[in-house]
$ cat query21.cif   # mmCIF, C-alpha atoms
data_entry
loop_
_atom_site.label_atom_id
_atom_site.label_comp_id
_atom_site.auth_asym_id
_atom_site.auth_seq_id
_atom_site.Cartn_x
_atom_site.Cartn_y
_atom_site.Cartn_z
CA MET A 1 97.60 74.18 90.66
CA ILE A 2 99.11 77.33 92.07
CA THR A 3 101.67 78.71 89.66
CA VAL A 4 104.02 81.49 90.72
CA ALA A 5 106.76 83.15 88.66
CA LEU A 6 108.00 86.35 90.23
CA ASP A 7 110.86 88.41 88.88
CA GLY A 8 110.98 91.93 90.16
CA LYS A 9 111.90 94.24 92.95
CA VAL A 10 110.27 94.93 96.30
CA GLY A 11 109.95 98.65 96.99
CA GLY A 12 112.48 99.38 94.26
CA ALA A 13 115.33 97.72 96.16
CA PHE A 14 115.31 94.02 97.10
CA ALA A 15 115.22 91.67 94.08
CA VAL A 16 112.96 88.62 94.09
CA LYS A 17 113.27 85.92 91.44
CA ALA A 18 111.20 82.92 92.37
CA ALA A 19 109.22 80.40 90.34
CA PHE A 20 107.37 77.39 91.69
CA GLU A 21 104.25 75.36 91.13
CA VAL A 22 102.36 73.47 93.84
CA PRO A 23 99.09 71.53 93.91
CA SER A 24 95.98 73.30 95.25
CA SER A 25 95.87 71.36 98.47
CA GLY A 26 98.05 70.70 101.46
CA VAL A 27 100.58 72.86 103.24
CA THR A 28 103.60 74.37 101.52
CA ALA A 29 106.30 75.85 103.74
CA LEU A 30 108.29 78.85 102.53
CA LEU A 31 111.49 78.36 104.52
CA GLY A 32 114.30 80.86 104.78
CA ALA A 33 116.38 83.03 107.08
CA SER A 34 115.16 86.47 108.05
CA GLY A 35 115.70 88.87 105.16
CA SER A 36 115.61 86.05 102.62
CA GLY A 37 112.49 87.43 100.96
CA LYS A 38 110.04 84.72 102.07
CA THR A 39 107.60 87.23 103.55
CA SER A 40 107.81 89.37 100.39
CA ILE A 41 106.81 86.33 98.32
CA LEU A 42 103.90 85.62 100.68
CA ARG A 43 102.81 89.27 100.49
CA ALA A 44 103.02 89.09 96.69
CA LEU A 45 100.72 86.05 96.79
CA ALA A 46 98.30 88.13 98.86
CA GLY A 47 98.54 91.14 96.55
CA LEU A 48 99.85 93.24 99.45
CA GLU A 49 103.18 93.66 97.66
CA ARG A 50 103.44 94.29 93.97
CA ILE A 51 106.33 92.32 92.50
CA ALA A 52 106.47 91.89 88.72
CA GLY A 53 105.60 88.43 87.47
CA THR A 54 102.68 86.07 87.18
CA ILE A 55 100.53 84.30 89.75
CA SER A 56 97.65 82.02 88.91
CA VAL A 57 95.50 79.89 91.15
CA ASP A 58 93.44 77.04 89.66
CA GLY A 59 93.56 78.64 86.24
CA VAL A 60 92.51 82.09 87.49
CA VAL A 61 95.14 84.74 86.81
CA TRP A 62 95.76 86.85 89.92
CA GLN A 63 98.47 88.84 88.26
CA ASP A 64 100.44 88.98 85.05
CA ARG A 65 101.77 91.77 82.88
CA ARG A 66 98.36 93.37 82.47
CA ILE A 67 96.30 92.13 85.39
CA PHE A 68 96.82 92.80 89.08
CA LEU A 69 94.05 91.73 91.41
CA PRO A 70 94.15 93.68 94.68
CA PRO A 71 94.06 91.63 97.92
CA GLU A 72 90.31 92.15 98.37
CA GLN A 73 89.65 90.33 95.10
CA ARG A 74 91.90 87.34 95.72
CA ARG A 75 89.81 85.50 98.33
CA ILE A 76 92.70 84.83 100.62
CA GLY A 77 93.05 84.40 104.35
CA TYR A 78 96.16 86.06 105.76
CA VAL A 79 97.57 85.49 109.22
CA PHE A 80 100.13 88.16 110.06
CA GLN A 81 103.19 87.87 112.23
CA GLY A 82 101.63 89.37 115.39
CA ALA A 83 98.82 91.99 115.50
CA GLY A 84 96.50 90.38 112.98
CA LEU A 85 93.19 91.70 114.27
CA LEU A 86 91.53 95.07 113.73
CA PRO A 87 92.46 96.87 116.96
CA HIS A 88 89.23 98.88 117.33
CA LEU A 89 86.94 95.85 117.15
CA SER A 90 86.23 93.01 119.58
CA VAL A 91 87.13 89.46 118.59
CA ALA A 92 83.49 88.79 117.65
CA ALA A 93 83.36 91.98 115.55
CA ASN A 94 86.58 90.95 113.80
CA LEU A 95 84.93 87.66 112.87
CA ASP A 96 81.84 89.56 111.69
CA TYR A 97 84.03 91.81 109.56
CA ALA A 98 85.43 88.80 107.70
CA GLU A 99 82.09 86.99 107.43
CA ARG A 100 80.19 89.97 106.06
CA ARG A 101 82.63 90.31 103.16
CA ALA A 102 82.96 86.60 102.41
CA LEU A 103 81.32 84.52 99.71
CA ALA A 104 79.75 81.19 100.61
CA GLY A 105 82.22 78.58 101.79
CA PRO A 106 82.78 75.53 103.93
CA PHE A 107 83.75 77.18 107.23
CA VAL A 108 81.02 77.44 109.87
CA ARG A 109 81.31 80.13 112.51
CA ALA A 110 80.34 78.06 115.54
CA GLU A 111 82.67 75.24 114.55
CA ILE A 112 85.59 77.57 113.89
CA ILE A 113 85.09 79.35 117.22
CA ALA A 114 85.01 76.02 119.05
CA ARG A 115 88.01 74.71 117.12
CA ALA A 116 90.04 77.84 117.87
CA GLY A 117 88.95 77.77 121.52
CA ILE A 118 88.01 81.43 121.49
CA ALA A 119 84.40 81.24 122.70
CA ALA A 120 85.33 82.93 125.99
CA LEU A 121 87.29 85.67 124.23
CA LEU A 122 84.64 86.95 121.84
CA ASP A 123 83.87 90.17 123.73
CA ARG A 124 87.52 91.08 124.24
CA ARG A 125 89.49 93.68 122.37
CA PRO A 126 92.69 92.48 120.65
CA ALA A 127 94.80 94.48 123.13
CA ALA A 128 93.43 92.33 125.97
CA LEU A 129 94.46 89.01 124.39
CA SER A 130 97.66 87.03 124.97
CA GLY A 131 99.89 86.36 121.97
CA GLY A 132 98.56 82.82 121.50
CA GLU A 133 94.93 83.88 121.93
CA ALA A 134 95.34 86.67 119.40
CA GLN A 135 96.85 84.30 116.83
CA ARG A 136 94.08 81.73 117.31
CA ALA A 137 91.52 84.50 116.83
CA SER A 138 93.44 85.70 113.74
CA ILE A 139 93.36 82.23 112.24
CA ALA A 140 89.62 81.96 112.96
CA ARG A 141 89.11 85.36 111.32
CA ALA A 142 91.12 84.30 108.28
CA LEU A 143 89.12 81.08 107.85
CA LEU A 144 85.73 82.80 108.23
CA GLY A 145 86.61 84.89 105.18
CA GLN A 146 86.07 81.57 103.31
CA PRO A 147 89.44 81.80 101.55
CA ARG A 148 90.58 79.73 98.59
CA LEU A 149 94.14 80.07 99.84
CA LEU A 150 95.44 80.51 103.38
CA LEU A 151 98.66 82.50 103.85
CA MET A 152 100.49 82.48 107.18
CA ASP A 153 103.53 84.56 108.09
CA GLU A 154 105.40 83.05 111.07
CA PRO A 155 102.23 83.18 113.15
CA PHE A 156 103.80 81.89 116.36
CA SER A 157 107.24 83.48 116.23
CA ALA A 158 106.41 85.86 119.08
CA LEU A 159 105.29 83.10 121.46
CA ASP A 160 107.44 81.43 124.11
CA THR A 161 108.53 77.83 123.48
CA ASP A 162 105.80 76.06 125.49
CA ALA A 163 102.96 78.12 124.02
CA ARG A 164 104.44 77.65 120.57
CA GLU A 165 104.61 73.87 120.90
CA GLU A 166 100.99 73.75 121.97
CA MET A 167 99.92 75.99 119.07
CA LEU A 168 101.87 73.94 116.52
CA ASP A 169 100.14 70.74 117.68
CA TRP A 170 96.81 72.50 117.40
CA LEU A 171 97.57 73.96 113.97
CA LYS A 172 98.70 70.56 112.67
CA GLU A 173 95.25 69.18 113.57
CA VAL A 174 93.51 72.16 111.95
CA PHE A 175 95.53 71.66 108.76
CA GLY A 176 94.34 68.06 108.71
CA GLU A 177 90.73 69.22 108.72
CA ILE A 178 90.76 71.90 106.04
CA ALA A 179 90.85 71.27 102.30
CA ILE A 180 92.25 74.60 101.11
CA PRO A 181 95.92 75.03 100.22
CA VAL A 182 98.16 76.80 102.73
CA PHE A 183 101.44 78.70 102.40
CA TYR A 184 103.28 78.83 105.70
CA VAL A 185 106.29 81.11 106.09
CA THR A 186 108.86 80.12 108.69
CA HIS A 187 112.58 80.33 109.41
CA ASP A 188 112.50 77.08 111.44
CA HIS A 189 113.08 73.94 109.37
CA GLN A 190 111.72 71.69 112.13
CA GLU A 191 108.50 73.68 112.12
CA ALA A 192 108.36 73.36 108.32
CA ALA A 193 108.93 69.60 108.46
CA ARG A 194 106.29 69.17 111.14
CA LEU A 195 103.51 71.13 109.43
CA ALA A 196 104.14 71.06 105.72
CA ALA A 197 103.90 68.45 102.98
CA ARG A 198 106.33 70.41 100.82
CA THR A 199 109.06 72.89 101.57
CA ILE A 200 110.32 75.61 99.28
CA ARG A 201 113.63 77.06 100.47
CA ILE A 202 114.17 80.76 99.86
CA ARG A 203 117.52 82.50 99.91
CA ASP A 204 118.40 86.01 98.74
CA GLY A 205 114.99 86.32 97.10
CA MET A 206 115.44 83.13 95.09
CA VAL A 207 114.22 79.54 95.31
CA GLU A 208 117.02 77.24 96.38
CA ALA A 209 117.34 74.02 94.43
CA MET B 1 76.18 141.17 122.56
CA GLY B 2 73.87 138.20 121.87
CA LEU B 3 73.98 138.92 118.15
CA VAL B 4 77.79 139.05 118.05
CA LEU B 5 77.99 135.83 120.04
CA ALA B 6 75.59 134.11 117.64
CA THR B 7 77.52 135.28 114.57
CA THR B 8 80.79 134.12 116.11
CA ALA B 9 79.40 130.70 117.04
CA GLU B 10 77.76 130.27 113.63
CA LEU B 11 80.96 131.17 111.80
CA ALA B 12 83.02 128.78 113.91
CA LEU B 13 80.49 125.96 113.57
CA VAL B 14 80.03 126.28 109.80
CA THR B 15 83.80 126.53 109.32
CA THR B 16 84.41 123.46 111.49
CA ILE B 17 81.90 121.30 109.64
CA LEU B 18 83.01 122.36 106.16
CA LEU B 19 86.68 122.14 107.00
CA LEU B 20 86.46 118.64 108.46
CA LEU B 21 84.77 117.51 105.24
CA LEU B 22 87.34 119.24 103.01
CA ALA B 23 90.44 118.43 105.05
CA THR B 24 89.70 114.71 105.48
CA PRO B 25 90.48 113.61 101.90
CA LEU B 26 93.44 116.00 101.79
CA ALA B 27 94.90 114.72 105.07
CA TRP B 28 94.29 111.12 103.99
CA TRP B 29 96.16 111.70 100.75
CA LEU B 30 99.03 113.46 102.57
CA ALA B 31 99.24 110.58 105.04
CA ARG B 32 99.11 107.76 102.47
CA SER B 33 100.78 109.09 99.32
CA ARG B 34 104.35 108.01 98.65
CA HIS B 35 105.19 110.85 96.25
CA TRP B 36 107.93 113.12 97.55
CA TRP B 37 106.18 116.14 96.06
CA LYS B 38 103.20 115.68 98.36
CA GLU B 39 105.15 117.83 100.83
CA ILE B 40 104.76 120.77 98.44
CA ILE B 41 101.01 120.43 98.97
CA GLY B 42 101.69 119.82 102.67
CA ALA B 43 103.64 123.08 102.91
CA LEU B 44 100.94 124.97 100.99
CA THR B 45 98.24 123.77 103.38
CA ALA B 46 100.43 124.75 106.35
CA LEU B 47 101.10 128.28 105.00
CA PRO B 48 98.30 129.91 107.01
CA LEU B 49 100.18 128.92 110.18
CA VAL B 50 102.93 131.43 109.44
CA LEU B 51 101.35 133.97 107.09
CA PRO B 52 100.06 137.18 108.70
CA PRO B 53 96.25 136.89 108.74
CA THR B 54 96.10 140.21 106.94
CA VAL B 55 97.85 138.60 103.96
CA ILE B 56 95.26 135.81 103.83
CA GLY B 57 92.52 138.39 104.26
CA PHE B 58 93.98 140.55 101.52
CA TYR B 59 94.08 137.76 98.94
CA VAL B 60 90.64 136.46 99.86
CA LEU B 61 89.27 140.01 99.67
CA ILE B 62 90.66 140.43 96.16
CA ALA B 63 89.41 136.98 95.09
CA LEU B 64 85.91 137.76 96.39
CA GLY B 65 85.76 141.32 95.08
CA PRO B 66 83.74 142.36 92.01
CA ALA B 67 86.88 142.64 89.84
CA SER B 68 88.03 139.06 90.35
CA PRO B 69 87.67 136.39 87.63
CA LEU B 70 86.16 134.08 90.26
CA MET B 71 83.30 136.47 90.87
CA ALA B 72 82.93 137.00 87.11
CA MET B 73 82.17 133.27 86.87
CA LEU B 74 79.49 133.61 89.54
CA GLU B 75 77.97 136.68 87.89
CA PRO B 76 75.37 134.61 85.93
CA PHE B 77 74.08 133.37 89.29
CA GLY B 78 73.50 136.93 90.46
CA ILE B 79 76.52 137.09 92.73
CA ARG B 80 78.80 140.08 92.13
CA THR B 81 80.86 140.07 95.28
CA LEU B 82 81.22 138.08 98.48
CA ALA B 83 83.36 140.65 100.24
CA PHE B 84 81.74 141.96 103.45
CA THR B 85 79.34 138.99 103.61
CA PHE B 86 79.06 136.07 106.00
CA THR B 87 79.82 133.67 103.14
CA GLY B 88 83.01 135.61 102.45
CA LEU B 89 83.96 135.29 106.11
CA VAL B 90 83.42 131.53 105.98
CA ILE B 91 85.65 131.26 102.91
CA GLY B 92 88.37 133.30 104.61
CA SER B 93 88.07 131.16 107.76
CA LEU B 94 88.44 127.97 105.74
CA PHE B 95 91.87 129.13 104.57
CA TYR B 96 92.81 130.59 107.93
CA SER B 97 92.03 127.40 109.89
CA LEU B 98 92.97 124.83 107.22
CA PRO B 99 96.22 123.68 108.87
CA PHE B 100 94.44 123.16 112.18
CA ALA B 101 92.24 120.56 110.52
CA VAL B 102 94.84 118.96 108.24
CA GLN B 103 97.62 118.49 110.79
CA PRO B 104 95.79 116.48 113.48
CA LEU B 105 93.96 114.43 110.85
CA ARG B 106 97.16 113.65 108.97
CA THR B 107 98.92 112.67 112.20
CA ALA B 108 95.99 110.45 113.20
CA PHE B 109 95.86 108.78 109.77
CA GLU B 110 99.64 108.21 109.79
CA ALA B 111 99.47 106.69 113.28
CA ILE B 112 97.15 103.95 111.97
CA GLY B 113 99.96 102.47 109.89
CA ASP B 114 99.59 99.98 107.06
CA ARG B 115 98.72 96.92 109.12
CA PRO B 116 95.04 97.46 110.00
CA LEU B 117 94.30 98.48 106.40
CA GLU B 118 96.10 95.39 105.10
CA ILE B 119 94.17 93.16 107.51
CA ALA B 120 90.92 94.63 106.18
CA ALA B 121 92.06 94.23 102.56
CA THR B 122 92.81 90.54 103.05
CA MET B 123 89.29 90.17 104.45
CA GLY B 124 87.87 91.51 101.20
CA ALA B 125 87.35 95.17 102.09
CA THR B 126 87.69 97.60 99.16
CA PRO B 127 89.68 100.86 99.63
CA PHE B 128 86.43 102.79 100.18
CA ASP B 129 85.23 100.19 102.69
CA ARG B 130 88.60 100.25 104.49
CA PHE B 131 88.52 104.03 104.77
CA PHE B 132 85.12 104.09 106.45
CA THR B 133 85.34 100.93 108.58
CA VAL B 134 89.01 101.06 109.62
CA ALA B 135 90.66 104.45 109.01
CA LEU B 136 87.82 106.67 110.27
CA PRO B 137 87.16 104.81 113.54
CA LEU B 138 90.87 104.49 114.29
CA ALA B 139 91.38 108.22 113.63
CA ARG B 140 88.36 109.36 115.65
CA ARG B 141 90.38 111.22 118.26
CA GLY B 142 92.18 113.05 115.46
CA PHE B 143 88.77 114.25 114.28
CA LEU B 144 87.88 115.43 117.77
CA SER B 145 91.22 117.28 118.06
CA ALA B 146 90.74 118.86 114.64
CA ALA B 147 87.20 119.95 115.47
CA ILE B 148 88.22 121.57 118.77
CA LEU B 149 91.24 123.31 117.21
CA VAL B 150 89.36 124.63 114.18
CA PHE B 151 86.42 125.86 116.24
CA ALA B 152 88.63 127.60 118.81
CA HIS B 153 90.99 129.02 116.21
CA THR B 154 88.09 130.41 114.17
CA VAL B 155 86.62 132.05 117.26
CA GLY B 156 90.01 133.69 117.79
CA GLU B 157 90.24 134.93 114.20
CA PHE B 158 90.81 138.67 113.93
CA GLY B 159 92.99 139.80 111.03
CA VAL B 160 91.13 137.93 108.33
CA VAL B 161 87.74 139.03 109.64
CA LEU B 162 88.87 142.61 109.75
CA MET B 163 90.09 142.49 106.16
CA ILE B 164 87.08 140.85 104.53
CA GLY B 165 84.24 141.18 107.02
CA GLY B 166 83.64 144.89 107.31
CA ASN B 167 82.32 144.43 110.85
CA ILE B 168 78.63 144.56 109.96
CA PRO B 169 76.52 143.82 113.09
CA GLY B 170 74.49 140.62 112.77
CA LYS B 171 76.40 139.60 109.65
CA THR B 172 80.12 139.87 109.94
CA GLU B 173 80.78 141.31 113.36
CA VAL B 174 82.36 138.74 115.69
CA LEU B 175 83.64 138.84 119.27
CA SER B 176 87.26 139.60 118.40
CA THR B 177 86.37 142.58 116.22
CA ARG B 178 83.76 143.79 118.74
CA ILE B 179 86.49 144.04 121.37
CA TYR B 180 88.56 146.12 119.01
CA GLN B 181 85.62 148.46 118.42
CA LEU B 182 84.88 148.75 122.13
CA VAL B 183 88.47 149.60 123.00
CA GLU B 184 88.61 152.14 120.18
CA SER B 185 85.59 153.86 121.70
CA LEU B 186 86.99 153.48 125.24
CA GLN B 187 84.21 151.14 126.48
CA PHE B 188 86.57 149.13 128.66
CA GLY B 189 83.88 147.53 130.84
CA GLU B 190 82.21 145.69 127.96
CA ALA B 191 85.59 144.85 126.43
CA HIS B 192 86.58 143.24 129.73
CA ARG B 193 83.49 141.03 129.71
CA ILE B 194 84.08 139.76 126.16
CA ALA B 195 87.79 139.28 126.76
CA ALA B 196 87.04 137.22 129.88
CA ILE B 197 84.56 135.09 127.94
CA LEU B 198 87.17 134.39 125.25
CA VAL B 199 89.86 133.51 127.81
CA ALA B 200 87.49 131.09 129.57
CA PHE B 201 86.38 129.56 126.26
CA SER B 202 89.93 129.17 124.93
CA PHE B 203 91.12 127.58 128.18
CA THR B 204 88.22 125.11 128.13
CA ALA B 205 88.90 124.22 124.50
CA LEU B 206 92.61 123.63 125.10
CA LEU B 207 91.94 121.61 128.25
CA GLY B 208 89.48 119.48 126.28
CA LEU B 209 92.08 119.06 123.55
CA LEU B 210 94.76 117.89 125.96
CA LEU B 211 92.37 115.44 127.57
CA VAL B 212 91.47 114.05 124.14
CA GLU B 213 95.11 113.78 123.07
CA ARG B 214 96.19 112.16 126.32
CA ARG B 215 94.02 109.20 125.40
CA ILE B 216 95.37 108.83 121.88
CA GLY B 217 97.39 105.67 121.61
CA THR B 218 96.12 104.13 124.81
CA PRO B 219 94.02 101.18 123.66
CA ARG B 220 90.67 100.78 125.32
CA PRO B 221 90.36 97.52 127.25
#
$ encode --input "query21.cif" --output "structure tokens"
Amino acid sequence: MITVALDGKVGGAFAVKAAFEVPSSGVTALLGASGSGKTSILRALAGLERIAGTISVDGVVWQDRRIFLPPEQRRIGYVFQGAGLLPHLSVAANLDYAERRALAGPFVRAEIIARAGIAALLDRRPAALSGGEAQRASIARALLGQPRLLLMDEPFSALDTDAREEMLDWLKEVFGEIAIPVFYVTHDHQEAARLAARTIRIRDGMVEA
Amino acid sequence: MGLVLATTAELALVTTILLLLLATPLAWWLARSRHWWKEIIGALTALPLVLPPTVIGFYVLIALGPASPLMAMLEPFGIRTLAFTFTGLVIGSLFYSLPFAVQPLRTAFEAIGDRPLEIAATMGATPFDRFFTVALPLARRGFLSAAILVFAHTVGEFGVVLMIGGNIPGKTEVLSTRIYQLVESLQFGEAHRIAAILVAFSFTALLGLLLVERRIGTPRP
């Protein structure tokens, strides 16, 4: 189980009060309008944002009143909204970066590269990739970190409609093949319905009933 | 002439190396800290930009003189004063050129932004790891700028050297003070030669700096 109970402020201003519990498998969508606080909750799950409250994953406490594990100790994969690769490294070196710091896990480099369709892009720098290519490489990078939890923040929001459709079909297949739990942030309820088994609606920093 | 040139180059080189090492953690902290009072430290490190070099030289001279508490602490090691020594000159130069190292490094570190460091953190990189594998390579042009500026600025140092150096040939006499001596004794021919060397050197350094900075922000393909 992934248990989250957040009650605090982001950067001393925006209040987040959100509690939910989901099983440790399948895709959970965090759905909400822009400014609703869904990204803040995702960043809190990653340890990138420090919001008071508790988070535990499969019985391991990631944060509570005394403990706060930094992102590097949480074994997560994080796909950012745009620009999710280290800009000074090639695609291959980005994958290396994740692999070298990962513990053992189920994801195999050659398979991930083939699945993401990035074999021809390995020598390229992030700046020379299209939006869709960069996001596929980002997802490959996130998986090669052998995460226990995959966090995605509107990964395809910058793509045009056709490219986005194609990527969503692809991602749906990928989700069917991986066993780890995923949190997927989106503002599009159709996207949420298409990809996720569960949807948590966020509004004004709170979970909507 | 060869001796003065060697002393000048050695002073500038030692200052550049030491200052890059000292200014890097300081600039990193100034770039990343969210405390408002960090700007007090920022202003202190920028002071040498506006202070007359004679003021810096004066304080350093007093701090390195035999009457200072600092030197009293070094007394057990057989050091009574560092005034009029090469080491003293290096210490003075570190203060004099500090802002020229801190500013470009801070700007370069700030330009990186949070994102690349966050990407690295989510891949399991510790803060130390992130600094060396992400921040340093992304700020490399800032380091080149800082190195050029500090080296050139130290070569052009005059007031501080005059105050704490004592112009001892082979030890603390540098090009800028040699020119002063030559003009004082009306040896304009030699003064012309050194002045021309410094103009050519300074121009080359600034040209190099502009070429380095022009490429900042343009991603390599």
$ interface_residues --input "query21.cif" --of "chain A" --to "chain B" --cutoff "10 Å" --atoms "all atoms listed in the file" --output "MDAnalysis selection string"
chainID A and resid 46:48 70:80 83:90 94:95 97:103 124:129 138 141:147 151
$ residues_around --input "query21.cif" --residues "Ala197 in chain A" --least-positions-apart "4" --cutoff "7 Å" --atoms "only C-alpha atoms" --output "ChimeraX atom specification"
/A:26-28
$ atom_distance --input "query21.cif" --atom1 "CA of Glu133 in chain A" --atom2 "CA of Leu159 in chain A"
10.4 Å
$ residues_around --input "query21.cif" --residues "Arg201 in chain A" --least-positions-apart "6" --cutoff "9 Å" --atoms "all atoms listed in the file" --output "compact mmCIF listing (two decimals) with C-alpha atoms, keeping the file's coordinate frame"
# COMPACT_ATOMS: atom_id res chain seq x y z
CA ALA A 29 106.30 75.85 103.74
CA LEU A 30 108.29 78.85 102.53
CA LEU A 31 111.49 78.36 104.52
CA GLY A 32 114.30 80.86 104.78
CA LYS A 38 110.04 84.72 102.07
CA VAL A 207 114.22 79.54 95.31
CA GLU A 208 117.02 77.24 96.38
CA ALA A 209 117.34 74.02 94.43
$ atom_distance --input "query21.cif" --atom1 "CA of Arg106 in chain B" --atom2 "CA of Ala43 in chain B"
12.9 Å
$ residues_around --input "query21.cif" --residues "range 80-82 of chain B" --least-positions-apart "2" --cutoff "9 Å" --atoms "only C-alpha atoms" --output "list in words"
Leu61, Ala63, Leu64, Gly65, Pro66, Ala67, Ser68, Met71, Ala72, Leu74, Glu75, Pro76, Phe77, Gly78, Phe84, Thr85, Phe86, Thr87, Gly88, Leu89 and Ile164 of chain B
$ closest_residue --input "query21.cif" --among "B:Gly208, B:Gly170, B:Gly113, B:Pro52" --to "Leu144 in chain B" --atoms "all atoms listed in the file"
B:Gly208
$ closest_residue --input "query21.cif" --among "B:Leu18, B:Ala147, B:Leu175, B:Ala191" --to "Ile91 in chain B" --atoms "all atoms listed in the file"
B:Leu18
$ closest_residue --input "query21.cif" --among "B:Ala83, B:Leu182, B:Leu206, B:Val50" --to "Val161 in chain B" --atoms "all atoms listed in the file"
B:Ala83
$ residues_around --input "query21.cif" --residues "Arg115 in chain A" --least-positions-apart "4" --cutoff "10 Å" --atoms "only C-alpha atoms" --output "compact mmCIF listing (two decimals) with C-alpha atoms, in the frame of the given file"
# COMPACT_ATOMS: atom_id res chain seq x y z
CA ARG A 109 81.31 80.13 112.51
CA ALA A 110 80.34 78.06 115.54
CA GLU A 111 82.67 75.24 114.55
CA ALA A 119 84.40 81.24 122.70
CA ARG A 136 94.08 81.73 117.31
CA ALA A 140 89.62 81.96 112.96
CA TRP A 170 96.81 72.50 117.40
CA GLU A 173 95.25 69.18 113.57
CA VAL A 174 93.51 72.16 111.95
$ atom_distance --input "query21.cif" --atom1 "CA of Phe20 in chain A" --atom2 "CA of Gly105 in chain A"
27.1 Å
$ residues_around --input "query21.cif" --residues "Glu190 in chain B" --least-positions-apart "5" --cutoff "10 Å" --atoms "all atoms listed in the file" --output "JSON, numbers by chain"
{"B": [1, 178, 179, 182, 183, 195, 196]}
$ resolve_selection --input "query21.cif" --expression "the PyMOL selection byres ((chain B and resi 98) around 8)" --output "NGL selection string"
:B and (19 or 23 or 45-46 or 48 or 94-97 or 99-102 or 150)
$ resolve_selection --input "query21.cif" --expression "the PyMOL selection byres ((chain B and resi 169) around 12)" --output "number ranges by chain"
B: 1-8, 84-86, 165-168, 170-175, 177-178, 181
$ residues_near_point --input "query21.cif" --point "(102.4, 80.3, 125.4)" --cutoff "12 Å" --atoms "all atoms listed in the file" --output "PyMOL selection string"
chain A and resi 129-136+156-168
$ resolve_selection --input "query21.cif" --expression "the PyMOL selection byres ((chain A and resi 56) around 12)" --output "ChimeraX atom specification"
/A:1-6,19-24,44-47,53-55,57-64,67-69,74,149
$ closest_residue --input "query21.cif" --among "A:Leu171, A:Ile112, A:Ser25, A:Asp204" --to "Arg148 in chain A" --atoms "all atoms listed in the file"
A:Ser25
$ closest_residue --input "query21.cif" --among "B:Leu20, B:Trp29, B:Leu136, B:Ala111" --to "Leu149 in chain B" --atoms "only C-alpha atoms"
B:Leu20
